[in-house]
Structure formats: structure tokens, C-alpha cells
>>> print(open('entry-v3.pdb').read())   # PDB, C-alpha atoms
ATOM      1  CA  MET A   1      84.121 114.805 130.898  1.00  0.00           C
ATOM      2  CA  LYS A   2      85.705 112.057 132.980  1.00  0.00           C
ATOM      3  CA  LEU A   3      86.682 108.550 131.866  1.00  0.00           C
ATOM      4  CA  ASP A   4      87.679 105.602 134.006  1.00  0.00           C
ATOM      5  CA  VAL A   5      91.306 104.562 133.813  1.00  0.00           C
ATOM      6  CA  ARG A   6      92.025 100.842 134.187  1.00  0.00           C
ATOM      7  CA  ASN A   7      95.092  98.667 134.500  1.00  0.00           C
ATOM      8  CA  TRP A   8      95.975  95.409 132.726  1.00  0.00           C
ATOM      9  CA  GLU A   9      93.951  93.521 135.347  1.00  0.00           C
ATOM     10  CA  ASN A  10      90.840  95.433 134.244  1.00  0.00           C
ATOM     11  CA  GLU A  11      90.656  97.223 137.599  1.00  0.00           C
ATOM     12  CA  VAL A  12      89.667 100.875 137.826  1.00  0.00           C
ATOM     13  CA  VAL A  13      92.689 102.730 139.182  1.00  0.00           C
ATOM     14  CA  GLY A  14      91.670 106.314 138.531  1.00  0.00           C
ATOM     15  CA  GLU A  15      90.055 108.662 136.062  1.00  0.00           C
ATOM     16  CA  VAL A  16      91.115 111.129 133.431  1.00  0.00           C
ATOM     17  CA  GLU A  17      89.385 114.437 132.786  1.00  0.00           C
ATOM     18  CA  LEU A  18      88.981 115.539 129.190  1.00  0.00           C
ATOM     19  CA  PRO A  19      87.468 118.599 127.488  1.00  0.00           C
ATOM     20  CA  GLN A  20      83.749 118.125 126.929  1.00  0.00           C
ATOM     21  CA  GLU A  21      83.984 118.885 123.208  1.00  0.00           C
ATOM     22  CA  LEU A  22      86.472 116.093 122.544  1.00  0.00           C
ATOM     23  CA  LEU A  23      84.138 113.092 122.834  1.00  0.00           C
ATOM     24  CA  SER A  24      80.777 114.791 122.311  1.00  0.00           C
ATOM     25  CA  TYR A  25      81.351 115.835 118.710  1.00  0.00           C
ATOM     26  CA  PRO A  26      78.387 115.061 116.402  1.00  0.00           C
ATOM     27  CA  ALA A  27      78.604 112.428 113.680  1.00  0.00           C
ATOM     28  CA  ARG A  28      79.963 113.865 110.417  1.00  0.00           C
ATOM     29  CA  PRO A  29      79.998 110.912 107.994  1.00  0.00           C
ATOM     30  CA  HIS A  30      80.648 112.956 104.858  1.00  0.00           C
ATOM     31  CA  LEU A  31      83.530 114.811 106.480  1.00  0.00           C
ATOM     32  CA  VAL A  32      85.019 111.483 107.551  1.00  0.00           C
ATOM     33  CA  TYR A  33      84.564 110.198 104.006  1.00  0.00           C
ATOM     34  CA  GLU A  34      86.392 113.182 102.507  1.00  0.00           C
ATOM     35  CA  VAL A  35      89.325 112.884 104.921  1.00  0.00           C
ATOM     36  CA  VAL A  36      89.656 109.131 104.382  1.00  0.00           C
ATOM     37  CA  LYS A  37      89.437 109.576 100.613  1.00  0.00           C
ATOM     38  CA  ALA A  38      92.249 112.129 100.719  1.00  0.00           C
ATOM     39  CA  TYR A  39      94.340 109.829 102.910  1.00  0.00           C
ATOM     40  CA  LEU A  40      93.934 106.803 100.644  1.00  0.00           C
ATOM     41  CA  ALA A  41      94.548 108.896  97.534  1.00  0.00           C
ATOM     42  CA  GLY A  42      97.821 110.072  99.031  1.00  0.00           C
ATOM     43  CA  LEU A  43      98.977 106.468  99.351  1.00  0.00           C
ATOM     44  CA  ARG A  44      98.746 105.909  95.606  1.00  0.00           C
ATOM     45  CA  ARG A  45     102.090 106.175  93.836  1.00  0.00           C
ATOM     46  CA  GLY A  46     100.705 107.103  90.422  1.00  0.00           C
ATOM     47  CA  THR A  47     103.627 105.546  88.538  1.00  0.00           C
ATOM     48  CA  HIS A  48     101.508 103.636  86.007  1.00  0.00           C
ATOM     49  CA  ALA A  49     102.454 104.303  82.385  1.00  0.00           C
ATOM     50  CA  THR A  50     101.867 103.029  78.868  1.00  0.00           C
ATOM     51  CA  LYS A  51     103.867 103.770  75.718  1.00  0.00           C
ATOM     52  CA  ASN A  52     102.210 106.004  73.159  1.00  0.00           C
ATOM     53  CA  ARG A  53     103.342 106.122  69.551  1.00  0.00           C
ATOM     54  CA  ALA A  54     106.074 108.602  70.453  1.00  0.00           C
ATOM     55  CA  LEU A  55     107.598 106.233  73.026  1.00  0.00           C
ATOM     56  CA  VAL A  56     107.232 102.803  71.404  1.00  0.00           C
ATOM     57  CA  SER A  57     110.305 101.655  69.482  1.00  0.00           C
ATOM     58  CA  GLY A  58     110.415 101.275  65.692  1.00  0.00           C
ATOM     59  CA  GLY A  59     108.189 102.696  63.035  1.00  0.00           C
ATOM     60  CA  GLY A  60     110.586 105.266  61.664  1.00  0.00           C
ATOM     61  CA  LYS A  61     110.281 104.088  58.078  1.00  0.00           C
ATOM     62  CA  LYS A  62     107.173 104.390  55.957  1.00  0.00           C
ATOM     63  CA  PRO A  63     106.000 100.772  55.428  1.00  0.00           C
ATOM     64  CA  TRP A  64     105.219 101.233  51.682  1.00  0.00           C
ATOM     65  CA  LYS A  65     104.834 103.996  49.203  1.00  0.00           C
ATOM     66  CA  GLN A  66     101.839 106.284  49.425  1.00  0.00           C
ATOM     67  CA  LYS A  67     100.187 105.342  46.135  1.00  0.00           C
ATOM     68  CA  GLY A  68      99.947 102.471  43.713  1.00  0.00           C
ATOM     69  CA  THR A  69      99.913  99.460  46.071  1.00  0.00           C
ATOM     70  CA  GLY A  70      96.149  99.203  46.494  1.00  0.00           C
ATOM     71  CA  ARG A  71      96.550  99.171  50.215  1.00  0.00           C
ATOM     72  CA  ALA A  72      95.557 101.835  52.712  1.00  0.00           C
ATOM     73  CA  ARG A  73      97.960 104.675  53.328  1.00  0.00           C
ATOM     74  CA  ALA A  74     100.348 104.073  56.218  1.00  0.00           C
ATOM     75  CA  GLY A  75     103.068 106.293  57.628  1.00  0.00           C
ATOM     76  CA  SER A  76     104.344 104.129  60.474  1.00  0.00           C
ATOM     77  CA  SER A  77     104.229 100.514  61.577  1.00  0.00           C
ATOM     78  CA  ARG A  78     103.747 101.751  65.134  1.00  0.00           C
ATOM     79  CA  SER A  79     100.404 103.415  64.517  1.00  0.00           C
ATOM     80  CA  PRO A  80      97.838 102.732  67.266  1.00  0.00           C
ATOM     81  CA  LEU A  81      95.833 100.842  64.646  1.00  0.00           C
ATOM     82  CA  TRP A  82      98.608  98.296  64.156  1.00  0.00           C
ATOM     83  CA  ARG A  83      99.746  95.380  66.259  1.00  0.00           C
ATOM     84  CA  HIS A  84     102.664  96.482  68.451  1.00  0.00           C
ATOM     85  CA  GLY A  85     101.581 100.069  67.902  1.00  0.00           C
ATOM     86  CA  GLY A  86     101.440 102.784  70.517  1.00  0.00           C
ATOM     87  CA  THR A  87      98.617 103.004  73.066  1.00  0.00           C
ATOM     88  CA  VAL A  88      96.054 105.766  72.670  1.00  0.00           C
ATOM     89  CA  PHE A  89      95.004 107.687  75.797  1.00  0.00           C
ATOM     90  CA  GLY A  90      96.715 105.178  78.088  1.00  0.00           C
ATOM     91  CA  PRO A  91      97.482 105.993  81.741  1.00  0.00           C
ATOM     92  CA  GLN A  92     100.460 108.253  82.380  1.00  0.00           C
ATOM     93  CA  PRO A  93     102.256 109.049  85.659  1.00  0.00           C
ATOM     94  CA  HIS A  94     100.421 111.611  87.741  1.00  0.00           C
ATOM     95  CA  GLY A  95      99.663 112.399  91.369  1.00  0.00           C
ATOM     96  CA  TYR A  96      96.409 111.527  93.113  1.00  0.00           C
ATOM     97  CA  THR A  97      96.876 113.911  96.028  1.00  0.00           C
ATOM     98  CA  LEU A  98      93.706 115.469  97.413  1.00  0.00           C
ATOM     99  CA  LYS A  99      93.654 118.294  99.906  1.00  0.00           C
ATOM    100  CA  ALA A 100      92.206 117.939 103.390  1.00  0.00           C
ATOM    101  CA  ASN A 101      92.982 120.807 105.728  1.00  0.00           C
ATOM    102  CA  VAL A 102      94.071 120.383 109.334  1.00  0.00           C
ATOM    103  CA  LYS A 103      90.736 121.476 110.802  1.00  0.00           C
ATOM    104  CA  ALA A 104      88.866 118.882 108.730  1.00  0.00           C
ATOM    105  CA  LYS A 105      91.253 116.126 109.833  1.00  0.00           C
ATOM    106  CA  LYS A 106      90.857 117.057 113.486  1.00  0.00           C
ATOM    107  CA  ASN A 107      87.053 117.198 113.301  1.00  0.00           C
ATOM    108  CA  ALA A 108      86.857 113.881 111.444  1.00  0.00           C
ATOM    109  CA  LEU A 109      88.974 112.221 114.137  1.00  0.00           C
ATOM    110  CA  ARG A 110      86.844 113.766 116.881  1.00  0.00           C
ATOM    111  CA  SER A 111      83.742 112.455 115.122  1.00  0.00           C
ATOM    112  CA  VAL A 112      84.893 108.828 114.989  1.00  0.00           C
ATOM    113  CA  LEU A 113      86.325 108.938 118.523  1.00  0.00           C
ATOM    114  CA  SER A 114      82.987 110.256 119.794  1.00  0.00           C
ATOM    115  CA  GLU A 115      81.251 107.408 118.000  1.00  0.00           C
ATOM    116  CA  ARG A 116      83.573 104.829 119.576  1.00  0.00           C
ATOM    117  CA  HIS A 117      83.033 106.387 123.005  1.00  0.00           C
ATOM    118  CA  ALA A 118      79.248 106.410 122.607  1.00  0.00           C
ATOM    119  CA  GLY A 119      79.348 102.719 121.710  1.00  0.00           C
ATOM    120  CA  GLY A 120      81.473 101.826 124.725  1.00  0.00           C
ATOM    121  CA  ASN A 121      84.404 100.900 122.507  1.00  0.00           C
ATOM    122  CA  LEU A 122      86.932 103.437 123.758  1.00  0.00           C
ATOM    123  CA  HIS A 123      89.132 102.390 126.683  1.00  0.00           C
ATOM    124  CA  VAL A 124      91.842 104.073 128.718  1.00  0.00           C
ATOM    125  CA  LEU A 125      94.639 102.188 130.494  1.00  0.00           C
ATOM    126  CA  GLU A 126      97.025 103.692 133.010  1.00  0.00           C
ATOM    127  CA  SER A 127      99.899 102.497 130.831  1.00  0.00           C
ATOM    128  CA  LEU A 128     100.361 100.355 127.742  1.00  0.00           C
ATOM    129  CA  GLU A 129     103.890  99.397 128.719  1.00  0.00           C
ATOM    130  CA  VAL A 130     104.537  95.635 128.631  1.00  0.00           C
ATOM    131  CA  GLU A 131     107.569  93.836 130.007  1.00  0.00           C
ATOM    132  CA  SER A 132     107.866  91.306 127.185  1.00  0.00           C
ATOM    133  CA  PRO A 133     107.348  91.505 123.412  1.00  0.00           C
ATOM    134  CA  ARG A 134     105.914  87.960 123.360  1.00  0.00           C
ATOM    135  CA  THR A 135     102.584  87.873 121.569  1.00  0.00           C
ATOM    136  CA  LYS A 136     101.251  84.928 123.580  1.00  0.00           C
ATOM    137  CA  GLU A 137     101.685  86.815 126.849  1.00  0.00           C
ATOM    138  CA  PHE A 138     100.096  89.912 125.356  1.00  0.00           C
ATOM    139  CA  ILE A 139      97.021  87.975 124.206  1.00  0.00           C
ATOM    140  CA  GLY A 140      96.644  86.773 127.791  1.00  0.00           C
ATOM    141  CA  ARG A 141      96.513  90.396 128.923  1.00  0.00           C
ATOM    142  CA  LEU A 142      93.843  91.162 126.327  1.00  0.00           C
ATOM    143  CA  ALA A 143      91.730  88.285 127.615  1.00  0.00           C
ATOM    144  CA  LYS A 144      91.562  89.968 131.025  1.00  0.00           C
ATOM    145  CA  LEU A 145      90.352  93.146 129.328  1.00  0.00           C
ATOM    146  CA  GLY A 146      87.770  91.221 127.276  1.00  0.00           C
ATOM    147  CA  LEU A 147      89.241  92.407 123.990  1.00  0.00           C
ATOM    148  CA  THR A 148      90.116  89.114 122.321  1.00  0.00           C
ATOM    149  CA  GLY A 149      88.606  88.236 118.959  1.00  0.00           C
ATOM    150  CA  GLU A 150      88.101  91.852 117.875  1.00  0.00           C
ATOM    151  CA  LYS A 151      90.082  94.380 115.906  1.00  0.00           C
ATOM    152  CA  VAL A 152      91.867  96.569 118.430  1.00  0.00           C
ATOM    153  CA  LEU A 153      93.900  99.739 117.936  1.00  0.00           C
ATOM    154  CA  PHE A 154      96.383 100.622 120.679  1.00  0.00           C
ATOM    155  CA  VAL A 155      97.367 104.283 120.821  1.00  0.00           C
ATOM    156  CA  ASP A 156     100.475 105.110 122.790  1.00  0.00           C
ATOM    157  CA  SER A 157     103.909 106.100 121.487  1.00  0.00           C
ATOM    158  CA  PHE A 158     106.364 104.838 118.896  1.00  0.00           C
ATOM    159  CA  ASP A 159     108.837 104.515 121.785  1.00  0.00           C
ATOM    160  CA  ASN A 160     106.783 101.630 123.208  1.00  0.00           C
ATOM    161  CA  LEU A 161     108.738  99.038 121.238  1.00  0.00           C
ATOM    162  CA  ASN A 162     107.500  95.980 123.148  1.00  0.00           C
ATOM    163  CA  LEU A 163     103.893  96.874 122.377  1.00  0.00           C
ATOM    164  CA  MET A 164     104.648  97.151 118.666  1.00  0.00           C
ATOM    165  CA  LEU A 165     106.531  93.840 118.639  1.00  0.00           C
ATOM    166  CA  ALA A 166     103.795  92.030 120.560  1.00  0.00           C
ATOM    167  CA  THR A 167     101.066  93.117 118.139  1.00  0.00           C
ATOM    168  CA  ARG A 168     102.744  93.187 114.747  1.00  0.00           C
ATOM    169  CA  ASN A 169     102.134  89.535 113.783  1.00  0.00           C
ATOM    170  CA  ARG A 170      98.441  89.567 114.675  1.00  0.00           C
ATOM    171  CA  PRO A 171      96.374  91.117 111.864  1.00  0.00           C
ATOM    172  CA  GLU A 172      93.544  92.104 114.206  1.00  0.00           C
ATOM    173  CA  LEU A 173      95.889  94.178 116.385  1.00  0.00           C
ATOM    174  CA  SER A 174      97.491  97.464 115.401  1.00  0.00           C
ATOM    175  CA  THR A 175      99.326 100.333 117.077  1.00  0.00           C
ATOM    176  CA  ALA A 176      99.545 104.061 116.489  1.00  0.00           C
ATOM    177  CA  ASP A 177     101.365 107.025 117.951  1.00  0.00           C
ATOM    178  CA  ALA A 178      99.154 109.528 119.758  1.00  0.00           C
ATOM    179  CA  LEU A 179     100.429 112.422 117.627  1.00  0.00           C
ATOM    180  CA  HIS A 180     100.136 110.531 114.319  1.00  0.00           C
ATOM    181  CA  VAL A 181      96.934 108.510 114.660  1.00  0.00           C
ATOM    182  CA  HIS A 182      94.650 108.904 111.644  1.00  0.00           C
ATOM    183  CA  VAL A 183      90.891 108.622 111.351  1.00  0.00           C
ATOM    184  CA  TYR A 184      91.340 105.706 108.908  1.00  0.00           C
ATOM    185  CA  GLN A 185      93.129 103.696 111.598  1.00  0.00           C
ATOM    186  CA  VAL A 186      90.340 104.310 114.098  1.00  0.00           C
ATOM    187  CA  LEU A 187      87.683 103.318 111.567  1.00  0.00           C
ATOM    188  CA  GLY A 188      89.495 100.046 110.939  1.00  0.00           C
ATOM    189  CA  ALA A 189      89.307  98.999 114.603  1.00  0.00           C
ATOM    190  CA  LYS A 190      86.287  97.956 116.613  1.00  0.00           C
ATOM    191  CA  GLN A 191      87.964  98.792 119.933  1.00  0.00           C
ATOM    192  CA  VAL A 192      90.350 101.677 120.624  1.00  0.00           C
ATOM    193  CA  VAL A 193      92.649 101.518 123.654  1.00  0.00           C
ATOM    194  CA  PHE A 194      94.569 104.596 124.804  1.00  0.00           C
ATOM    195  CA  SER A 195      97.181 104.988 127.440  1.00  0.00           C
ATOM    196  CA  ARG A 196      96.408 107.860 129.811  1.00  0.00           C
ATOM    197  CA  ARG A 197      99.369 109.833 128.488  1.00  0.00           C
ATOM    198  CA  ALA A 198      98.443 109.276 124.835  1.00  0.00           C
ATOM    199  CA  LEU A 199      94.830 110.340 125.324  1.00  0.00           C
ATOM    200  CA  GLN A 200      95.865 113.523 127.081  1.00  0.00           C
ATOM    201  CA  GLN A 201      98.344 114.330 124.306  1.00  0.00           C
ATOM    202  CA  LEU A 202      95.728 113.756 121.616  1.00  0.00           C
ATOM    203  CA  ALA A 203      93.103 115.750 123.505  1.00  0.00           C
ATOM    204  CA  GLU A 204      95.475 118.704 123.678  1.00  0.00           C
ATOM    205  CA  VAL A 205      96.028 118.573 119.914  1.00  0.00           C
ATOM    206  CA  LEU A 206      92.379 118.107 118.922  1.00  0.00           C
ATOM    207  CA  THR A 207      91.060 120.901 121.136  1.00  0.00           C
ATOM    208  CA  SER A 208      93.763 123.459 120.344  1.00  0.00           C
TER     209      SER A 208
END
>>> encode(input="entry-v3.pdb", output="C-alpha cells")
Amino acid sequence: MKLDVRNWENEVVGEVELPQELLSYPARPHLVYEVVKAYLAGLRRGTHATKNRALVSGGGKKPWKQKGTGRARAGSSRSPLWRHGGTVFGPQPHGYTLKANVKAKKNALRSVLSERHAGGNLHVLESLEVESPRTKEFIGRLAKLGLTGEKVLFVDSFDNLNLMLATRNRPELSTADALHVHVYQVLGAKQVVFSRRALQQLAEVLTS
């Protein structure tokens, strides 16, 4: 499979050849759902906690004697039935981690990339290097590519500092490293723009 490679002037300057199975993978919505669910679950810290009757302070003394007062029996003023008492079955710290194996992650990413390619929303540039980190100049470059006004994910390398600086204060623009891009990032963008080098790196990983 061959894709056109363009420059910042939106001119075709070459083509890149990719394995056929990379961008012709069938849609697997449930697989994508499982991988995204595992990813989002892993972001949860799970540090929520409430105090049960063993943790809440006070309540060491029996409020009144067992018999003879006419009132109900009570052993502690920190009973869950009382005001300022401990919480029953409240949330406690725990992990939310779900397992998604490497093969599932790769296939989910291939599925969404194939969908973007089929919709004409996957682009390849010769290079994503920019001379200046100024956002205004970068938006001018996007206008030539016809990508303004849409959510765009740029996939290159973490070493491309100017690209990261130029996009970081625009919520519709995001960047990712070719070896760390996740299916959730691709789903969150309407358009996906790769540098030639990044796409070749990712293709090697996904087809290995």
C-alpha cells in the first residue's frame, strides 16, 4: 500500500510504502472499547477513602449504662447510626487497573487508523519539523493543509520540541510520539497527521 507524502505547502513530494495489513484492518469496535476502557481505568488513582467506625475518632466510652435508662442500648457514640459516626461500606483505596494485552492494543490501533485512512483523514508529511514554536505561524501552515477548525493529532517524536510548543495552547491540537501513540488519542482527533519517519516507525511496530 502506497500513500502520498506532502510538504507544508500541501504539495505531493513523494510516497511511502506500507504493509497492506496496516491500513486495511477491519473495524473492531468492541476491541477498541475494551482497550480504551483499560486505558482510562489505568488513569484513575483510586485514592478515595471514607472513615469507618474503626477509623473515626472518639467513641471509646459507652455513652450510658446498658440497662435502666429507658433508652436503646448503645456501645459507642461513633456507631454508623449516630451523627458523626463511621461510614458503612464507604469507598476505600483500591486499584482500577484492567488488563489489555499487547496484541489487543496493536489491533485496536490498526482498526482506528484504518478507519481514519478510509475516511480520508490520515495524512503523511515529509517532515513535521517547524522552525519556530509560535502558534500563529503554525496555524498558518495548517491553513495551507486545510486542517484548520478540526481536532488534529500530530504524530512525530518527543524530540520535536517546536511542534509541541506550537500546539500546546490550542485545545484542538495535540501531539504524540510514534512509539507511544494510543488508540484513545487517535479516537479523540478527526484528522491524524504523521511524519514519514513516524509512520514508518509505527508500521514496523504494528506489523511485527
>>> resolve_selection(input="entry-v3.pdb", expression="the PyMOL selection byres ((chain A and resi 153) around 10)", output="PDB file with C-alpha atoms, in the coordinates of the input")
ATOM      1  CA  LEU A 122      86.932 103.437 123.758  1.00  0.00           C
ATOM      2  CA  GLU A 150      88.101  91.852 117.875  1.00  0.00           C
ATOM      3  CA  LYS A 151      90.082  94.380 115.906  1.00  0.00           C
ATOM      4  CA  VAL A 152      91.867  96.569 118.430  1.00  0.00           C
ATOM      5  CA  PHE A 154      96.383 100.622 120.679  1.00  0.00           C
ATOM      6  CA  VAL A 155      97.367 104.283 120.821  1.00  0.00           C
ATOM      7  CA  ASP A 156     100.475 105.110 122.790  1.00  0.00           C
ATOM      8  CA  THR A 167     101.066  93.117 118.139  1.00  0.00           C
ATOM      9  CA  GLU A 172      93.544  92.104 114.206  1.00  0.00           C
ATOM     10  CA  LEU A 173      95.889  94.178 116.385  1.00  0.00           C
ATOM     11  CA  SER A 174      97.491  97.464 115.401  1.00  0.00           C
ATOM     12  CA  THR A 175      99.326 100.333 117.077  1.00  0.00           C
ATOM     13  CA  ALA A 176      99.545 104.061 116.489  1.00  0.00           C
ATOM     14  CA  VAL A 181      96.934 108.510 114.660  1.00  0.00           C
ATOM     15  CA  GLN A 185      93.129 103.696 111.598  1.00  0.00           C
ATOM     16  CA  VAL A 186      90.340 104.310 114.098  1.00  0.00           C
ATOM     17  CA  LEU A 187      87.683 103.318 111.567  1.00  0.00           C
ATOM     18  CA  GLY A 188      89.495 100.046 110.939  1.00  0.00           C
ATOM     19  CA  ALA A 189      89.307  98.999 114.603  1.00  0.00           C
ATOM     20  CA  LYS A 190      86.287  97.956 116.613  1.00  0.00           C
ATOM     21  CA  GLN A 191      87.964  98.792 119.933  1.00  0.00           C
ATOM     22  CA  VAL A 192      90.350 101.677 120.624  1.00  0.00           C
ATOM     23  CA  VAL A 193      92.649 101.518 123.654  1.00  0.00           C
ATOM     24  CA  PHE A 194      94.569 104.596 124.804  1.00  0.00           C
TER      25      PHE A 194
END
>>> residues_near_point(input="entry-v3.pdb", point="(96.5, 109.7, 127.4)", cutoff="10 Å", atoms="all atoms listed in the file", output="PyMOL selection string")
chain A and resi 5+16+18+124-127+155-156+178+193-204
>>> residues_around(input="entry-v3.pdb", residues="A:Arg53", least_positions_apart="2", cutoff="8 Å", atoms="all atoms listed in the file", output="list of chain:residue names")
A:Lys51, A:Leu55, A:Val56, A:Arg78, A:Ser79, A:Pro80, A:Gly85, A:Gly86, A:Thr87, A:Val88
>>> atom_distance(input="entry-v3.pdb", atom1="atom CA of A:Gly42", atom2="atom CA of A:Gly95")
8.2 Å
>>> closest_residue(input="entry-v3.pdb", among="A:Leu163, A:Val112, A:Ala41, A:Met1", to="A:Thr97", atoms="all atoms listed in the file")
A:Ala41
>>> resolve_selection(input="entry-v3.pdb", expression="the PyMOL selection byres ((chain A and resi 77) around 9)", output="list in words")
Gly58, Gly59, Gly60, Lys61, Lys62, Pro63, Ala74, Gly75, Ser76, Arg78, Ser79, Pro80, Leu81, Trp82, Arg83, His84 and Gly85 of chain A
>>> closest_atom_pairs(input="entry-v3.pdb", of="stretch 83-148 of chain A", to="stretch 29-35 of chain A", cutoff="9 Å", atoms="only C-alpha atoms", output="tab-separated table")
residue	atom	partner	partner_atom	distance
A:Lys99	CA	A:Val35	CA	8.6
A:Ala100	CA	A:Val35	CA	6.0
A:Asn101	CA	A:Val35	CA	8.8
A:Ala104	CA	A:Leu31	CA	7.1
A:Lys105	CA	A:Val35	CA	6.2
A:Asn107	CA	A:Leu31	CA	8.0
A:Ala108	CA	A:Val32	CA	4.9
A:Leu109	CA	A:Val32	CA	7.7
A:Ser111	CA	A:Val32	CA	7.7
A:Val112	CA	A:Val32	CA	7.9
>>> closest_residue(input="entry-v3.pdb", among="A:His123, A:Arg134, A:Arg168, A:His182", to="A:Asn10", atoms="only C-alpha atoms")
A:His123
>>> closest_residue(input="entry-v3.pdb", among="A:Pro19, A:Asp177, A:Lys136, A:Leu98", to="A:Val36", atoms="only C-alpha atoms")
A:Leu98
>>> closest_residue(input="entry-v3.pdb", among="A:Arg28, A:Lys2, A:Arg45, A:His180", to="A:Gln92", atoms="all atoms listed in the file")
A:Arg45
>>> residues_around(input="entry-v3.pdb", residues="A:Glu9", least_positions_apart="6", cutoff="12 Å", atoms="only C-alpha atoms", output="list in words")
Leu125, Glu126, Ser127, Gly140, Arg141, Leu142, Ala143, Lys144, Leu145 and Gly146 of chain A
>>> atom_distance(input="entry-v3.pdb", atom1="atom CA of A:Thr148", atom2="atom CA of A:Arg170")
11.3 Å
>>> atom_distance(input="entry-v3.pdb", atom1="atom CA of A:Gly90", atom2="atom CA of A:Gly46")
13.1 Å
>>> closest_residue(input="entry-v3.pdb", among="A:Thr135, A:Ser24, A:Ser157, A:Ser208", to="A:Arg116", atoms="all atoms listed in the file")
A:Ser24
>>> resolve_selection(input="entry-v3.pdb", expression="the PyMOL selection byres ((chain A and resi 130) around 9)", output="VMD selection string")
chain A and resid 127 to 129 131 to 133 138 160 162 to 163 166
>>> closest_residue(input="entry-v3.pdb", among="A:Ala72, A:Pro93, A:Tyr184, A:Pro171", to="A:His48", atoms="only C-alpha atoms")
A:Pro93
>>> decode(input="entry-v3.pdb", residues="stretch 78-90 of chain A", atoms="N, CA, C and O atoms", output="mmCIF file, in the first residue's frame")
data_model
loop_
_atom_site.group_PDB
_atom_site.id
_atom_site.type_symbol
_atom_site.label_atom_id
_atom_site.label_comp_id
_atom_site.auth_asym_id
_atom_site.auth_seq_id
_atom_site.Cartn_x
_atom_site.Cartn_y
_atom_site.Cartn_z
ATOM 1 N N ARG A 78 -19.849 6.574 68.179
ATOM 2 C CA ARG A 78 -19.397 6.628 66.785
ATOM 3 C C ARG A 78 -19.984 5.489 65.956
ATOM 4 O O ARG A 78 -19.450 5.097 64.928
ATOM 5 N N SER A 79 -21.103 4.977 66.414
ATOM 6 C CA SER A 79 -21.836 3.968 65.641
ATOM 7 C C SER A 79 -22.298 4.573 64.311
ATOM 8 O O SER A 79 -22.607 5.769 64.245
ATOM 9 N N PRO A 80 -22.362 3.808 63.257
ATOM 10 C CA PRO A 80 -22.867 4.329 61.978
ATOM 11 C C PRO A 80 -24.281 4.905 62.073
ATOM 12 O O PRO A 80 -24.687 5.688 61.211
ATOM 13 N N LEU A 81 -25.017 4.547 63.099
ATOM 14 C CA LEU A 81 -26.376 5.056 63.247
ATOM 15 C C LEU A 81 -26.392 6.467 63.821
ATOM 16 O O LEU A 81 -27.408 7.156 63.741
ATOM 17 N N TRP A 82 -25.279 6.896 64.384
ATOM 18 C CA TRP A 82 -25.222 8.183 65.068
ATOM 19 C C TRP A 82 -24.605 9.256 64.168
ATOM 20 O O TRP A 82 -23.814 8.964 63.262
ATOM 21 N N ARG A 83 -24.965 10.499 64.469
ATOM 22 C CA ARG A 83 -24.310 11.624 63.825
ATOM 23 C C ARG A 83 -22.826 11.619 64.211
ATOM 24 O O ARG A 83 -22.487 11.375 65.364
ATOM 25 N N HIS A 84 -21.976 11.890 63.240
ATOM 26 C CA HIS A 84 -20.529 11.833 63.386
ATOM 27 C C HIS A 84 -20.034 10.395 63.538
ATOM 28 O O HIS A 84 -18.879 10.171 63.915
ATOM 29 N N GLY A 85 -20.862 9.440 63.243
ATOM 30 C CA GLY A 85 -20.437 8.048 63.309
ATOM 31 C C GLY A 85 -19.659 7.640 62.062
ATOM 32 O O GLY A 85 -19.518 8.404 61.109
ATOM 33 N N GLY A 86 -19.162 6.412 62.109
ATOM 34 C CA GLY A 86 -18.392 5.911 60.968
ATOM 35 C C GLY A 86 -19.286 5.616 59.770
ATOM 36 O O GLY A 86 -20.497 5.421 59.897
ATOM 37 N N THR A 87 -18.689 5.592 58.589
ATOM 38 C CA THR A 87 -19.416 5.313 57.347
ATOM 39 C C THR A 87 -19.436 3.813 57.094
ATOM 40 O O THR A 87 -18.421 3.130 57.261
ATOM 41 N N VAL A 88 -20.595 3.318 56.698
ATOM 42 C CA VAL A 88 -20.739 1.892 56.400
ATOM 43 C C VAL A 88 -20.550 1.653 54.903
ATOM 44 O O VAL A 88 -21.180 2.319 54.081
ATOM 45 N N PHE A 89 -19.695 0.720 54.559
ATOM 46 C CA PHE A 89 -19.466 0.321 53.162
ATOM 47 C C PHE A 89 -19.062 1.503 52.273
ATOM 48 O O PHE A 89 -19.450 1.579 51.107
ATOM 49 N N GLY A 90 -18.337 2.452 52.838
ATOM 50 C CA GLY A 90 -17.859 3.583 52.043
ATOM 51 C C GLY A 90 -16.696 3.175 51.150
ATOM 52 O O GLY A 90 -16.103 2.104 51.309
#
